[in-house]
$ cat target.pdb   # PDB, C-alpha atoms
ATOM      1  CA  MET A 198      12.877  15.605  -9.752  1.00  0.00           C
ATOM      2  CA  LYS A 199      11.186  12.369  -8.633  1.00  0.00           C
ATOM      3  CA  ILE A 200       8.000  12.619  -6.565  1.00  0.00           C
ATOM      4  CA  LEU A 201       6.079   9.730  -5.013  1.00  0.00           C
ATOM      5  CA  SER A 202       2.374  10.385  -4.494  1.00  0.00           C
ATOM      6  CA  LEU A 203       1.782   9.025  -0.977  1.00  0.00           C
ATOM      7  CA  GLY A 204      -1.848   8.471  -0.025  1.00  0.00           C
ATOM      8  CA  TRP A 205      -0.937   6.097   2.835  1.00  0.00           C
ATOM      9  CA  GLY A 206      -2.896   3.239   1.272  1.00  0.00           C
ATOM     10  CA  VAL A 207      -1.571  -0.244   0.561  1.00  0.00           C
ATOM     11  CA  GLN A 208      -0.098   0.507  -2.856  1.00  0.00           C
ATOM     12  CA  SER A 209       1.476   3.903  -2.189  1.00  0.00           C
ATOM     13  CA  PHE A 210       2.914   2.785   1.143  1.00  0.00           C
ATOM     14  CA  THR A 211       4.377  -0.285  -0.579  1.00  0.00           C
ATOM     15  CA  LEU A 212       6.111   2.016  -3.071  1.00  0.00           C
ATOM     16  CA  ALA A 213       7.446   4.224  -0.278  1.00  0.00           C
ATOM     17  CA  ALA A 214       8.663   1.161   1.654  1.00  0.00           C
ATOM     18  CA  MET A 215      10.340  -0.234  -1.469  1.00  0.00           C
ATOM     19  CA  VAL A 216      12.230   3.042  -1.819  1.00  0.00           C
ATOM     20  CA  ALA A 217      13.058   3.046   1.910  1.00  0.00           C
ATOM     21  CA  LEU A 218      14.467  -0.486   1.721  1.00  0.00           C
ATOM     22  CA  GLY A 219      16.391   0.151  -1.496  1.00  0.00           C
ATOM     23  CA  GLU A 220      14.283  -2.063  -3.748  1.00  0.00           C
ATOM     24  CA  LEU A 221      13.413   0.978  -5.870  1.00  0.00           C
ATOM     25  CA  GLU A 222      15.663   3.934  -6.610  1.00  0.00           C
ATOM     26  CA  PRO A 223      15.407   6.984  -4.345  1.00  0.00           C
ATOM     27  CA  VAL A 224      12.817   9.704  -4.831  1.00  0.00           C
ATOM     28  CA  ASP A 225      13.288  13.347  -3.922  1.00  0.00           C
ATOM     29  CA  PHE A 226      10.024  13.549  -1.987  1.00  0.00           C
ATOM     30  CA  ALA A 227       6.978  11.506  -1.037  1.00  0.00           C
ATOM     31  CA  ILE A 228       4.058  13.943  -1.045  1.00  0.00           C
ATOM     32  CA  HIS A 229       0.865  13.298   0.892  1.00  0.00           C
ATOM     33  CA  ALA A 230      -2.017  15.512  -0.220  1.00  0.00           C
ATOM     34  CA  ASP A 231      -4.048  15.689   2.987  1.00  0.00           C
ATOM     35  CA  THR A 232      -7.725  16.364   2.319  1.00  0.00           C
ATOM     36  CA  THR A 233      -8.145  16.867   6.099  1.00  0.00           C
ATOM     37  CA  HIS A 234     -10.978  14.326   5.827  1.00  0.00           C
ATOM     38  CA  GLU A 235      -8.999  11.089   5.960  1.00  0.00           C
ATOM     39  CA  SER A 236      -9.875   8.291   8.352  1.00  0.00           C
ATOM     40  CA  SER A 237      -8.339   8.608  11.819  1.00  0.00           C
ATOM     41  CA  LEU A 238      -6.800   5.184  11.125  1.00  0.00           C
ATOM     42  CA  THR A 239      -4.966   6.674   8.130  1.00  0.00           C
ATOM     43  CA  TYR A 240      -3.652   9.584  10.211  1.00  0.00           C
ATOM     44  CA  ASP A 241      -2.531   7.186  12.955  1.00  0.00           C
ATOM     45  CA  PHE A 242      -0.776   4.991  10.391  1.00  0.00           C
ATOM     46  CA  ALA A 243       0.996   8.001   8.838  1.00  0.00           C
ATOM     47  CA  LYS A 244       2.089   9.176  12.287  1.00  0.00           C
ATOM     48  CA  ARG A 245       3.614   5.746  13.037  1.00  0.00           C
ATOM     49  CA  TRP A 246       5.351   5.258   9.697  1.00  0.00           C
ATOM     50  CA  THR A 247       6.537   8.743   8.668  1.00  0.00           C
ATOM     51  CA  PRO A 248       9.506   8.613  11.086  1.00  0.00           C
ATOM     52  CA  TRP A 249      10.509   5.197   9.736  1.00  0.00           C
ATOM     53  CA  LEU A 250      10.350   6.371   6.108  1.00  0.00           C
ATOM     54  CA  GLU A 251      12.309   9.511   6.909  1.00  0.00           C
ATOM     55  CA  GLY A 252      14.864   7.500   8.884  1.00  0.00           C
ATOM     56  CA  CYS A 253      15.389   5.475   5.698  1.00  0.00           C
ATOM     57  CA  GLY A 254      15.890   8.612   3.603  1.00  0.00           C
ATOM     58  CA  VAL A 255      12.373   9.139   2.226  1.00  0.00           C
ATOM     59  CA  VAL A 256      11.438  12.789   2.759  1.00  0.00           C
ATOM     60  CA  VAL A 257       7.690  13.010   3.472  1.00  0.00           C
ATOM     61  CA  VAL A 258       5.940  16.273   2.630  1.00  0.00           C
ATOM     62  CA  VAL A 259       2.315  17.005   3.551  1.00  0.00           C
ATOM     63  CA  VAL A 260       0.327  19.487   1.475  1.00  0.00           C
ATOM     64  CA  VAL A 261      -3.198  20.730   2.147  1.00  0.00           C
ATOM     65  CA  ALA A 262      -5.600  22.545  -0.192  1.00  0.00           C
ATOM     66  CA  THR A 263      -5.722  26.239   0.659  1.00  0.00           C
ATOM     67  CA  HIS A 264      -8.961  27.208  -1.114  1.00  0.00           C
ATOM     68  CA  GLU A 265     -12.355  27.569   0.525  1.00  0.00           C
ATOM     69  CA  LYS A 266     -13.921  24.254   1.489  1.00  0.00           C
ATOM     70  CA  LYS A 267     -17.511  25.325   2.065  1.00  0.00           C
ATOM     71  CA  ASN A 268     -19.029  24.707  -1.391  1.00  0.00           C
ATOM     72  CA  ILE A 269     -19.575  21.068  -2.282  1.00  0.00           C
ATOM     73  CA  ILE A 270     -20.977  21.869  -5.753  1.00  0.00           C
ATOM     74  CA  ASP A 271     -18.630  23.645  -8.153  1.00  0.00           C
ATOM     75  CA  LYS A 272     -19.637  26.250 -10.754  1.00  0.00           C
ATOM     76  CA  TRP A 273     -20.036  23.507 -13.405  1.00  0.00           C
ATOM     77  CA  GLY A 274     -22.400  21.383 -11.301  1.00  0.00           C
ATOM     78  CA  GLY A 275     -19.740  18.855 -10.291  1.00  0.00           C
ATOM     79  CA  MET A 276     -19.322  17.682  -6.730  1.00  0.00           C
ATOM     80  CA  GLN A 277     -16.312  18.558  -4.605  1.00  0.00           C
ATOM     81  CA  ILE A 278     -16.847  15.259  -2.796  1.00  0.00           C
ATOM     82  CA  PRO A 279     -17.772  11.858  -4.225  1.00  0.00           C
ATOM     83  CA  ALA A 280     -21.566  11.612  -4.580  1.00  0.00           C
ATOM     84  CA  PHE A 281     -23.631   8.805  -6.064  1.00  0.00           C
ATOM     85  CA  THR A 282     -26.992   8.468  -7.802  1.00  0.00           C
ATOM     86  CA  ALA A 283     -29.559   5.716  -8.058  1.00  0.00           C
ATOM     87  CA  SER A 284     -32.020   5.817 -10.959  1.00  0.00           C
ATOM     88  CA  ALA A 285     -33.963   3.631 -13.359  1.00  0.00           C
ATOM     89  CA  LYS A 286     -31.006   3.926 -15.756  1.00  0.00           C
ATOM     90  CA  GLY A 287     -28.677   2.513 -13.127  1.00  0.00           C
ATOM     91  CA  ASP A 288     -26.425   3.669 -10.347  1.00  0.00           C
ATOM     92  CA  GLY A 289     -23.578   6.043 -10.978  1.00  0.00           C
ATOM     93  CA  GLN A 290     -21.242   8.654  -9.654  1.00  0.00           C
ATOM     94  CA  ILE A 291     -21.794  12.367 -10.187  1.00  0.00           C
ATOM     95  CA  ARG A 292     -18.933  14.193 -11.900  1.00  0.00           C
ATOM     96  CA  ARG A 293     -16.577  15.274  -9.178  1.00  0.00           C
ATOM     97  CA  GLN A 294     -13.514  17.444  -8.765  1.00  0.00           C
ATOM     98  CA  CYS A 295     -12.301  16.326  -5.354  1.00  0.00           C
ATOM     99  CA  THR A 296      -9.182  14.564  -6.616  1.00  0.00           C
ATOM    100  CA  HIS A 297      -8.106  17.585  -8.616  1.00  0.00           C
ATOM    101  CA  GLU A 298      -9.041  20.238  -6.054  1.00  0.00           C
ATOM    102  CA  TRP A 299      -7.976  18.437  -2.888  1.00  0.00           C
ATOM    103  CA  LYS A 300      -4.992  16.405  -4.078  1.00  0.00           C
ATOM    104  CA  ILE A 301      -3.605  17.264  -7.522  1.00  0.00           C
ATOM    105  CA  ARG A 302      -3.767  21.061  -7.225  1.00  0.00           C
ATOM    106  CA  PRO A 303      -2.045  21.277  -3.803  1.00  0.00           C
ATOM    107  CA  MET A 304       0.650  18.829  -4.942  1.00  0.00           C
ATOM    108  CA  ARG A 305       1.292  20.798  -8.134  1.00  0.00           C
ATOM    109  CA  GLU A 306       1.443  24.073  -6.224  1.00  0.00           C
ATOM    110  CA  TRP A 307       4.076  22.550  -3.920  1.00  0.00           C
ATOM    111  CA  ILE A 308       6.012  21.073  -6.870  1.00  0.00           C
ATOM    112  CA  SER A 309       5.977  24.452  -8.661  1.00  0.00           C
ATOM    113  CA  THR A 310       7.330  26.158  -5.553  1.00  0.00           C
ATOM    114  CA  GLU A 311      10.044  23.523  -5.191  1.00  0.00           C
ATOM    115  CA  LEU A 312      11.042  23.864  -8.852  1.00  0.00           C
ATOM    116  CA  LYS A 313      11.350  27.646  -8.389  1.00  0.00           C
ATOM    117  CA  ARG A 314      13.363  27.130  -5.197  1.00  0.00           C
ATOM    118  CA  ARG A 315      15.770  24.941  -7.173  1.00  0.00           C
ATOM    119  CA  ASN A 316      15.861  27.478 -10.046  1.00  0.00           C
ATOM    120  CA  LEU A 317      14.360  24.902 -12.395  1.00  0.00           C
ATOM    121  CA  THR A 318      11.830  25.648 -15.115  1.00  0.00           C
ATOM    122  CA  LYS A 319       8.754  23.624 -15.955  1.00  0.00           C
ATOM    123  CA  LYS A 320      10.254  22.011 -19.021  1.00  0.00           C
ATOM    124  CA  ALA A 321       8.720  18.858 -20.476  1.00  0.00           C
ATOM    125  CA  GLY A 322       9.264  15.831 -18.259  1.00  0.00           C
ATOM    126  CA  CYS A 323      11.262  17.598 -15.541  1.00  0.00           C
ATOM    127  CA  VAL A 324       9.131  15.923 -12.854  1.00  0.00           C
ATOM    128  CA  GLU A 325       8.610  12.169 -12.666  1.00  0.00           C
ATOM    129  CA  GLN A 326       5.607  11.426 -10.468  1.00  0.00           C
ATOM    130  CA  TRP A 327       5.215   7.895  -9.145  1.00  0.00           C
ATOM    131  CA  LEU A 328       1.674   6.673  -8.610  1.00  0.00           C
ATOM    132  CA  GLY A 329       0.693   3.615  -6.576  1.00  0.00           C
ATOM    133  CA  ILE A 330      -1.562   2.002  -9.143  1.00  0.00           C
ATOM    134  CA  SER A 331      -1.374  -1.782  -9.252  1.00  0.00           C
ATOM    135  CA  MET A 332      -2.260  -4.323 -11.956  1.00  0.00           C
ATOM    136  CA  ASP A 333      -5.793  -4.781 -10.639  1.00  0.00           C
ATOM    137  CA  GLU A 334      -6.557  -1.100 -11.282  1.00  0.00           C
ATOM    138  CA  ILE A 335      -4.643  -0.646 -14.522  1.00  0.00           C
ATOM    139  CA  GLN A 336      -7.617   1.258 -15.978  1.00  0.00           C
ATOM    140  CA  ARG A 337      -6.705   4.175 -13.660  1.00  0.00           C
ATOM    141  CA  MET A 338      -3.417   4.788 -15.487  1.00  0.00           C
ATOM    142  CA  LYS A 339      -3.477   8.177 -17.172  1.00  0.00           C
ATOM    143  CA  ASP A 340      -0.826  10.514 -18.446  1.00  0.00           C
ATOM    144  CA  ALA A 341      -0.446  13.789 -16.581  1.00  0.00           C
ATOM    145  CA  ASP A 342      -2.394  16.666 -18.089  1.00  0.00           C
ATOM    146  CA  VAL A 343       0.628  18.979 -17.839  1.00  0.00           C
ATOM    147  CA  LYS A 344       3.799  18.556 -19.914  1.00  0.00           C
ATOM    148  CA  TYR A 345       6.278  19.071 -17.083  1.00  0.00           C
ATOM    149  CA  ILE A 346       5.062  15.944 -15.219  1.00  0.00           C
ATOM    150  CA  THR A 347       5.574  12.417 -16.489  1.00  0.00           C
ATOM    151  CA  ASN A 348       3.604   9.808 -14.564  1.00  0.00           C
ATOM    152  CA  ARG A 349       5.254   6.500 -13.690  1.00  0.00           C
ATOM    153  CA  TRP A 350       3.670   3.364 -12.239  1.00  0.00           C
ATOM    154  CA  PRO A 351       6.389   1.197 -10.599  1.00  0.00           C
ATOM    155  CA  LEU A 352       3.877  -1.401  -9.358  1.00  0.00           C
ATOM    156  CA  ILE A 353       2.674  -1.904 -12.946  1.00  0.00           C
ATOM    157  CA  GLU A 354       6.320  -2.236 -14.039  1.00  0.00           C
ATOM    158  CA  LYS A 355       6.709  -4.959 -11.388  1.00  0.00           C
ATOM    159  CA  ARG A 356       3.340  -6.482 -12.417  1.00  0.00           C
ATOM    160  CA  MET A 357       2.132  -6.300  -8.800  1.00  0.00           C
ATOM    161  CA  THR A 358      -1.484  -6.425  -7.623  1.00  0.00           C
ATOM    162  CA  ARG A 359      -2.847  -5.067  -4.343  1.00  0.00           C
ATOM    163  CA  LYS A 360      -2.620  -8.623  -2.976  1.00  0.00           C
ATOM    164  CA  ASP A 361       1.050  -8.755  -4.031  1.00  0.00           C
ATOM    165  CA  CYS A 362       1.642  -5.456  -2.217  1.00  0.00           C
ATOM    166  CA  LYS A 363       0.162  -6.857   1.000  1.00  0.00           C
ATOM    167  CA  ALA A 364       2.306  -9.984   0.659  1.00  0.00           C
ATOM    168  CA  TRP A 365       5.421  -7.839   0.056  1.00  0.00           C
ATOM    169  CA  LEU A 366       4.726  -5.741   3.160  1.00  0.00           C
ATOM    170  CA  THR A 367       4.166  -8.879   5.254  1.00  0.00           C
ATOM    171  CA  GLU A 368       7.355 -10.515   3.910  1.00  0.00           C
ATOM    172  CA  HIS A 369       9.312  -7.431   4.990  1.00  0.00           C
ATOM    173  CA  GLY A 370       7.748  -7.278   8.463  1.00  0.00           C
ATOM    174  CA  LEU A 371       5.848  -4.085   7.721  1.00  0.00           C
ATOM    175  CA  GLU A 372       2.332  -3.121   8.748  1.00  0.00           C
ATOM    176  CA  ILE A 373      -0.431  -3.196   6.146  1.00  0.00           C
ATOM    177  CA  PRO A 374      -2.196   0.182   5.973  1.00  0.00           C
ATOM    178  CA  PRO A 375      -5.826   0.310   7.126  1.00  0.00           C
TER     179      PRO A 375
END

$ encode --input "target.pdb" --output "structure tokens"
Amino acid sequence: MKILSLGWGVQSFTLAAMVALGELEPVDFAIHADTTHESSLTYDFAKRWTPWLEGCGVVVVVVVATHEKKNIIDKWGGMQIPAFTASAKGDGQIRRQCTHEWKIRPMREWISTELKRRNLTKKAGCVEQWLGISMDEIQRMKDADVKYITNRWPLIEKRMTRKDCKAWLTEHGLEIPP
């Protein structure tokens, strides 16, 4: 099963549009993990472009975290939202779990349900998850921490930067996400 992680930013939308226009092979689903705290511009963009993607054969699925959202500090002292510090030692970011709790977990729950629906087991590499990481953020590339998911970075394979993604969208007459 091929899954595209769709955050509605420049890189992930470029991937989805490349699939829609046949420049990349089809995916089974493009999953947007909605934190419910996105910018209204992002929601407006998704509302405009979801019908286009789906009309081109890209099935868009929206998942939302189902756990309680009232605690911003987890039991290990990490933040559920990005939080930053300023000190004599320098500025930094407090350890956070928002990506895992608000995006990765809901996506994996949906993927697990879909695998069960298809009578598939979580065998090694049965899910290929595409991530919209470009050359200018190559340091973000990480293998999945579960064996049944293999991460793939098509923009890295194409050696594209964020600037290249914007140029590609413009060349194809598509809107650049906010």

$ residues_around --input "target.pdb" --residues "Thr318 in chain A" --least-positions-apart "6" --cutoff "9 Å" --atoms "only C-alpha atoms" --output "count of residues only"
3

$ atom_distance --input "target.pdb" --atom1 "CA of Gly204 in chain A" --atom2 "CA of Val259 in chain A"
10.1 Å

$ atom_distance --input "target.pdb" --atom1 "CA of Pro248 in chain A" --atom2 "CA of Val224 in chain A"
16.3 Å

$ residues_near_point --input "target.pdb" --point "(13.3, 7.5, -11.2)" --cutoff "12 Å" --atoms "all atoms listed in the file" --output "NGL selection string"
:A and (198-201 or 216 or 221-226 or 322-328 or 347-351)

$ atom_distance --input "target.pdb" --atom1 "CA of Tyr240 in chain A" --atom2 "CA of Gly206 in chain A"
11.0 Å

$ residues_around --input "target.pdb" --residues "Ala243 in chain A" --least-positions-apart "3" --cutoff "10 Å" --atoms "all atoms listed in the file" --output "NGL selection string"
:A and (203-206 or 210 or 229 or 237-240 or 246-250 or 257 or 374)
